[in-house]
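Reproduced below: structure20.cif, with mmCIF, C-alpha atoms.
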```cif
data_data
loop_
_atom_site.label_atom_id
_atom_site.label_comp_id
_atom_site.auth_asym_id
_atom_site.auth_seq_id
_atom_site.Cartn_x
_atom_site.Cartn_y
_atom_site.Cartn_z
CA MET A 1028 -9.36 -38.53 -36.49
CA THR A 1029 -10.97 -35.83 -34.30
CA THR A 1030 -10.36 -35.33 -30.57
CA ASN A 1031 -13.87 -36.55 -29.83
CA SER A 1032 -13.07 -39.84 -31.52
CA VAL A 1033 -10.20 -40.53 -29.07
CA PRO A 1034 -11.40 -42.68 -26.15
CA GLN A 1035 -11.84 -40.77 -22.91
CA LYS A 1036 -9.12 -42.78 -21.08
CA SER A 1037 -6.65 -42.02 -23.88
CA ARG A 1038 -7.46 -38.32 -23.68
CA PHE A 1039 -6.75 -38.35 -19.92
CA ALA A 1040 -3.47 -40.19 -20.50
CA LEU A 1041 -2.37 -37.68 -23.13
CA LEU A 1042 -3.32 -34.74 -20.85
CA PHE A 1043 -1.43 -36.26 -17.90
CA ALA A 1044 1.68 -36.81 -20.03
CA LEU A 1045 1.54 -33.21 -21.25
CA ILE A 1046 1.26 -31.86 -17.69
CA CYS A 1047 4.25 -33.96 -16.58
CA LEU A 1048 6.27 -32.67 -19.53
CA LEU A 1049 5.43 -29.03 -18.72
CA VAL A 1050 6.26 -29.48 -15.02
CA SER A 1051 9.57 -31.10 -15.90
CA PHE A 1052 10.44 -28.32 -18.36
CA SER A 1053 9.54 -25.63 -15.82
CA ALA A 1054 11.65 -27.22 -13.09
CA ASN A 1055 14.63 -27.52 -15.39
CA ALA A 1056 14.25 -23.94 -16.55
CA GLN A 1057 14.30 -22.69 -12.94
CA THR A 1058 17.30 -24.73 -11.83
CA PRO A 1059 19.98 -22.08 -12.61
CA ALA A 1060 18.10 -19.39 -10.67
CA ALA A 1061 17.41 -21.71 -7.75
CA ALA A 1062 21.07 -22.69 -7.63
CA LYS A 1063 22.27 -19.07 -7.47
CA VAL A 1064 24.29 -18.55 -4.33
CA THR A 1065 23.54 -15.40 -2.32
CA LEU A 1066 24.10 -14.22 1.24
CA THR A 1067 22.27 -16.20 3.89
CA LYS A 1068 19.54 -14.58 5.95
CA GLN A 1069 21.84 -14.59 8.97
CA GLU A 1070 24.73 -13.01 7.05
CA ARG A 1071 22.47 -10.19 5.90
CA ALA A 1072 21.13 -9.66 9.41
CA ASP A 1073 24.60 -9.67 10.97
CA ALA A 1074 26.00 -7.19 8.45
CA LEU A 1075 23.00 -4.86 8.71
CA LYS A 1076 23.16 -4.84 12.51
CA TYR A 1077 26.89 -4.15 12.52
CA LEU A 1078 26.52 -1.38 9.94
CA GLU A 1079 23.82 0.29 12.04
CA ASP A 1080 25.57 -0.23 15.39
CA THR A 1081 28.81 1.31 14.13
CA ARG A 1082 26.87 4.18 12.56
CA LYS A 1083 25.26 4.99 15.90
CA LYS A 1084 28.62 4.89 17.71
CA PHE A 1085 30.19 7.30 15.25
CA LEU A 1086 27.28 9.74 15.30
CA ALA A 1087 27.22 9.68 19.12
CA SER A 1088 30.95 10.42 19.25
CA VAL A 1089 30.60 13.68 17.29
CA LYS A 1090 27.20 14.83 18.51
CA GLY A 1091 27.00 18.21 20.19
CA LEU A 1092 30.64 19.19 19.76
CA SER A 1093 31.51 22.86 19.66
CA GLU A 1094 33.68 24.23 16.88
CA GLU A 1095 36.62 24.38 19.30
CA GLN A 1096 36.12 20.74 20.33
CA TRP A 1097 35.61 19.69 16.71
CA LYS A 1098 38.97 21.13 15.65
CA PHE A 1099 41.06 20.47 18.78
CA LYS A 1100 44.40 18.71 18.16
CA SER A 1101 46.32 17.14 21.02
CA ALA A 1102 49.56 17.67 19.07
CA PRO A 1103 50.49 19.21 15.69
CA ASP A 1104 50.98 15.75 14.15
CA ARG A 1105 47.74 14.29 15.55
CA TRP A 1106 44.34 14.43 13.91
CA SER A 1107 41.45 16.42 15.33
CA VAL A 1108 37.96 14.96 15.70
CA ALA A 1109 37.06 16.77 12.48
CA GLU A 1110 39.94 15.13 10.62
CA VAL A 1111 39.20 11.65 11.93
CA ALA A 1112 35.54 12.07 11.05
CA GLU A 1113 36.45 13.18 7.54
CA HIS A 1114 38.66 10.13 7.12
CA ILE A 1115 35.74 7.91 8.13
CA ALA A 1116 33.38 9.63 5.70
CA LEU A 1117 35.88 9.53 2.83
CA SER A 1118 36.49 5.81 3.37
CA GLU A 1119 32.84 4.78 3.16
CA ASP A 1120 32.39 5.03 -0.61
CA MET A 1121 35.90 3.80 -1.36
CA LEU A 1122 35.47 0.61 0.66
CA PHE A 1123 31.97 0.12 -0.76
CA GLY A 1124 33.45 0.21 -4.26
CA VAL A 1125 36.14 -2.30 -3.32
CA ALA A 1126 33.53 -4.70 -1.91
CA THR A 1127 30.88 -4.41 -4.62
CA VAL A 1128 32.96 -3.80 -7.75
CA GLN A 1129 36.64 -4.65 -7.45
CA ALA A 1130 36.28 -7.81 -5.37
CA MET A 1131 33.37 -9.06 -7.48
CA LYS A 1132 35.48 -8.83 -10.65
CA SER A 1133 37.73 -11.62 -9.40
CA PRO A 1134 36.95 -15.17 -10.61
CA ALA A 1135 34.58 -17.04 -8.31
CA THR A 1136 36.39 -19.52 -6.05
CA PRO A 1137 33.63 -21.20 -4.03
CA GLU A 1138 36.03 -23.77 -2.61
CA LYS A 1139 37.48 -21.03 -0.37
CA LYS A 1140 34.17 -20.02 1.20
CA GLU A 1141 34.02 -22.12 4.35
CA ALA A 1142 37.57 -21.39 5.43
CA SER A 1143 37.00 -17.69 4.78
CA LYS A 1144 33.78 -17.50 6.82
CA ALA A 1145 35.65 -18.71 9.91
CA LYS A 1146 37.74 -15.53 9.82
CA ASP A 1147 34.88 -13.02 10.19
CA ALA A 1148 35.24 -12.49 13.96
CA THR A 1149 39.03 -12.35 13.77
CA LEU A 1150 38.81 -9.71 11.07
CA LEU A 1151 36.67 -7.42 13.22
CA LYS A 1152 39.01 -7.79 16.20
CA MET A 1153 42.07 -7.01 14.12
CA VAL A 1154 40.60 -3.90 12.50
CA THR A 1155 39.30 -2.42 15.76
CA ASN A 1156 42.54 -3.12 17.66
CA ARG A 1157 43.96 0.38 18.14
CA SER A 1158 47.31 -0.93 19.38
CA THR A 1159 48.22 -1.64 15.76
CA LYS A 1160 48.76 1.57 13.82
CA ALA A 1161 48.53 2.11 10.06
CA GLN A 1162 49.00 5.05 7.71
CA ALA A 1163 45.97 6.21 5.72
CA PRO A 1164 46.45 6.28 1.93
CA GLU A 1165 46.83 9.77 0.50
CA GLN A 1166 43.33 9.86 -1.06
CA LEU A 1167 41.77 9.17 2.34
CA LYS A 1168 43.68 11.77 4.31
CA PRO A 1169 41.51 14.70 5.50
CA LYS A 1170 41.63 17.84 3.38
CA ASN A 1171 38.62 19.73 4.76
CA LYS A 1172 36.26 18.45 2.08
CA TRP A 1173 33.15 19.40 4.06
CA ALA A 1174 32.80 22.92 5.41
CA THR A 1175 30.70 21.96 8.42
CA GLN A 1176 30.13 19.04 10.73
CA SER A 1177 26.51 18.73 9.60
CA GLU A 1178 27.55 18.43 5.95
CA LEU A 1179 30.04 15.69 6.81
CA VAL A 1180 27.47 13.77 8.83
CA LYS A 1181 24.94 14.07 6.01
CA ALA A 1182 27.45 12.63 3.53
CA PHE A 1183 28.37 9.81 5.91
CA ASN A 1184 24.73 8.88 6.45
CA ALA A 1185 24.02 8.85 2.73
CA SER A 1186 26.94 6.50 2.12
CA ARG A 1187 25.98 4.20 4.98
CA ASP A 1188 22.35 4.11 3.79
CA LYS A 1189 23.58 3.06 0.33
CA THR A 1190 25.65 0.26 1.84
CA LYS A 1191 22.79 -1.01 3.97
CA ASN A 1192 20.40 -0.97 1.02
CA PHE A 1193 22.90 -2.99 -0.99
CA VAL A 1194 23.20 -5.61 1.76
CA LYS A 1195 19.40 -5.85 1.98
CA THR A 1196 18.88 -6.41 -1.73
CA THR A 1197 21.97 -7.91 -3.36
CA GLN A 1198 21.71 -11.31 -5.00
CA GLU A 1199 25.43 -11.49 -5.74
CA ASP A 1200 27.66 -14.23 -4.36
CA MET A 1201 29.58 -12.01 -1.95
CA ARG A 1202 31.23 -15.02 -0.33
CA GLY A 1203 32.64 -16.48 -3.54
CA HIS A 1204 34.83 -13.62 -4.73
CA PHE A 1205 38.07 -12.52 -3.07
CA LEU A 1206 40.43 -9.57 -3.08
CA PRO A 1207 43.62 -9.23 -0.99
CA HIS A 1208 44.03 -6.50 1.62
CA PRO A 1209 47.57 -5.12 2.19
CA LEU A 1210 47.51 -6.05 5.89
CA LEU A 1211 44.57 -8.39 6.39
CA LYS A 1212 45.40 -10.74 3.51
CA GLU A 1213 42.66 -12.26 1.36
CA LEU A 1214 39.10 -11.14 2.12
CA ASP A 1215 35.87 -12.14 0.43
CA ALA A 1216 33.53 -9.39 -0.79
CA TYR A 1217 31.25 -9.78 2.24
CA GLN A 1218 34.24 -9.30 4.53
CA TRP A 1219 35.13 -6.10 2.70
CA LEU A 1220 31.67 -4.84 3.71
CA LEU A 1221 32.38 -5.87 7.31
CA LEU A 1222 35.69 -4.03 7.00
CA LEU A 1223 33.80 -0.89 5.95
CA ALA A 1224 31.85 -0.98 9.22
CA SER A 1225 34.78 -2.02 11.43
CA HIS A 1226 36.90 0.75 9.90
CA SER A 1227 34.42 3.34 11.13
CA GLU A 1228 34.40 1.67 14.56
CA ARG A 1229 38.21 1.74 14.71
CA HIS A 1230 38.30 5.46 14.04
CA THR A 1231 35.36 6.18 16.31
CA LEU A 1232 37.62 4.80 19.05
CA GLN A 1233 40.25 7.26 17.84
CA ILE A 1234 37.74 10.10 18.26
CA LEU A 1235 37.10 8.97 21.82
CA GLU A 1236 40.86 9.05 22.44
CA VAL A 1237 40.98 12.67 21.26
CA LYS A 1238 38.06 13.57 23.51
CA ALA A 1239 39.74 11.85 26.47
CA ASP A 1240 42.80 14.09 26.20
CA PRO A 1241 43.14 16.19 29.40
CA ASN A 1242 43.41 19.36 27.28
CA PHE A 1243 40.25 18.65 25.27
CA PRO A 1244 38.06 21.77 25.53
CA LYS A 1245 35.27 21.54 28.07
CA LYS A 1246 32.88 23.20 25.65
#
```

Structure re-expressed in structure tokens:
Amino acid sequence: MTTNSVPQKSRFALLFALICLLVSFSANAQTPAAAKVTLTKQERADALKYLEDTRKKFLASVKGLSEEQWKFKSAPDRWSVAEVAEHIALSEDMLFGVATVQAMKSPATPEKKEASKAKDATLLKMVTNRSTKAQAPEQLKPKNKWATQSELVKAFNASRDKTKNFVKTTQEDMRGHFLPHPLLKELDAYQWLLLLASHSERHTLQILEVKADPNFPKK
């Protein structure tokens, strides 16, 4: 039997059934991708704004400093602006790796997400609270890695740009994977990115403390 011998109504019925089958197959094939959990639009926007705001604060705190101001220490056991700035710059890539690699290696535990999200604001307050002191790990202590202030700032900006680009483009479930912090307890991967930004804010406040010292050079 040829196609032309099939009644017109039957041909329409067969075509309609085929279309329905193709639509159903296409929808089923796309289900896994559609179900993929990523950051919300608001979470991306909040993180990007905080990353940029804290960048601006840090850059403003070190702008225009003379070499004497850059290296001034209020006491032999206190860090200079240069040393605090180096600690900030060194921490950027380390914290980025924790957030995007180490935390994401943990098994996904989506049941923890909602309770974790409620801790975002508390996390930022805790990190930026300068009344609580902590010792930097040895690998993040300043060792004069960058010869000049401009080289340090360039490295910091490159790291922060990388972090912002990741936040803009990632399709990973940053809220579903967790890694404990020694002091802040369990954080999801997104919160480790917030920690990266709040860490720079915390130490920018430390720079301002150095600059507020009565013996800080006038120029």

Evaluate the PyMOL selection byres ((chain A and resi 1153-1162) around 9) and report residues as a short mmCIF file (atom, residue, chain, number, x, y, z; two decimals) with C-alpha atoms, in the coordinates of the input:
```cif
data_model
loop_
_atom_site.label_atom_id
_atom_site.label_comp_id
_atom_site.auth_asym_id
_atom_site.auth_seq_id
_atom_site.Cartn_x
_atom_site.Cartn_y
_atom_site.Cartn_z
CA ALA A 1148 35.24 -12.49 13.96
CA THR A 1149 39.03 -12.35 13.77
CA LEU A 1150 38.81 -9.71 11.07
CA LEU A 1151 36.67 -7.42 13.22
CA LYS A 1152 39.01 -7.79 16.20
CA ALA A 1163 45.97 6.21 5.72
CA PRO A 1164 46.45 6.28 1.93
CA GLU A 1165 46.83 9.77 0.50
CA LEU A 1211 44.57 -8.39 6.39
CA LEU A 1222 35.69 -4.03 7.00
CA SER A 1225 34.78 -2.02 11.43
CA HIS A 1226 36.90 0.75 9.90
CA SER A 1227 34.42 3.34 11.13
CA GLU A 1228 34.40 1.67 14.56
CA ARG A 1229 38.21 1.74 14.71
CA HIS A 1230 38.30 5.46 14.04
CA LEU A 1232 37.62 4.80 19.05
CA GLN A 1233 40.25 7.26 17.84
#
```

- Task: List every protein, DNA or RNA residue that has at least one atom no more than 12 Å from (25.4, -3.5, 0.4) in the file's coordinates, counting all atoms listed in the file, and write the result as an MDAnalysis selection string.
- Result: chainID A and resid 1066 1070:1072 1074:1075 1078 1119:1120 1122:1128 1186:1201 1216:1221 1223:1224

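Ranking A:Lys1238, A:Lys1132, A:Lys1083, A:Lys1245 by their shortest atom-to-atom distance to Asn1184 in chain A, with all atoms listed in the file included, puts A:Lys1083 first.
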
- Task: Please measure the separation of CA of Leu1214 in chain A and CA of Val1064 in chain A, giving the value in Å to one decimal.
- Result: 17.8 Å

- Item | Interatomic distance, CA of Ile1234 in chain A to CA of Pro1207 in chain A (Å, one decimal) | 27.9 Å

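When the PyMOL selection byres ((chain A and resi 1166) around 10) is run on the displayed coordinates, the residues it returns are His1114, Leu1117, Ser1118, Met1121, Ala1163, Pro1164, Glu1165, Leu1167, Lys1168, Pro1169 and Lys1170 of chain A.
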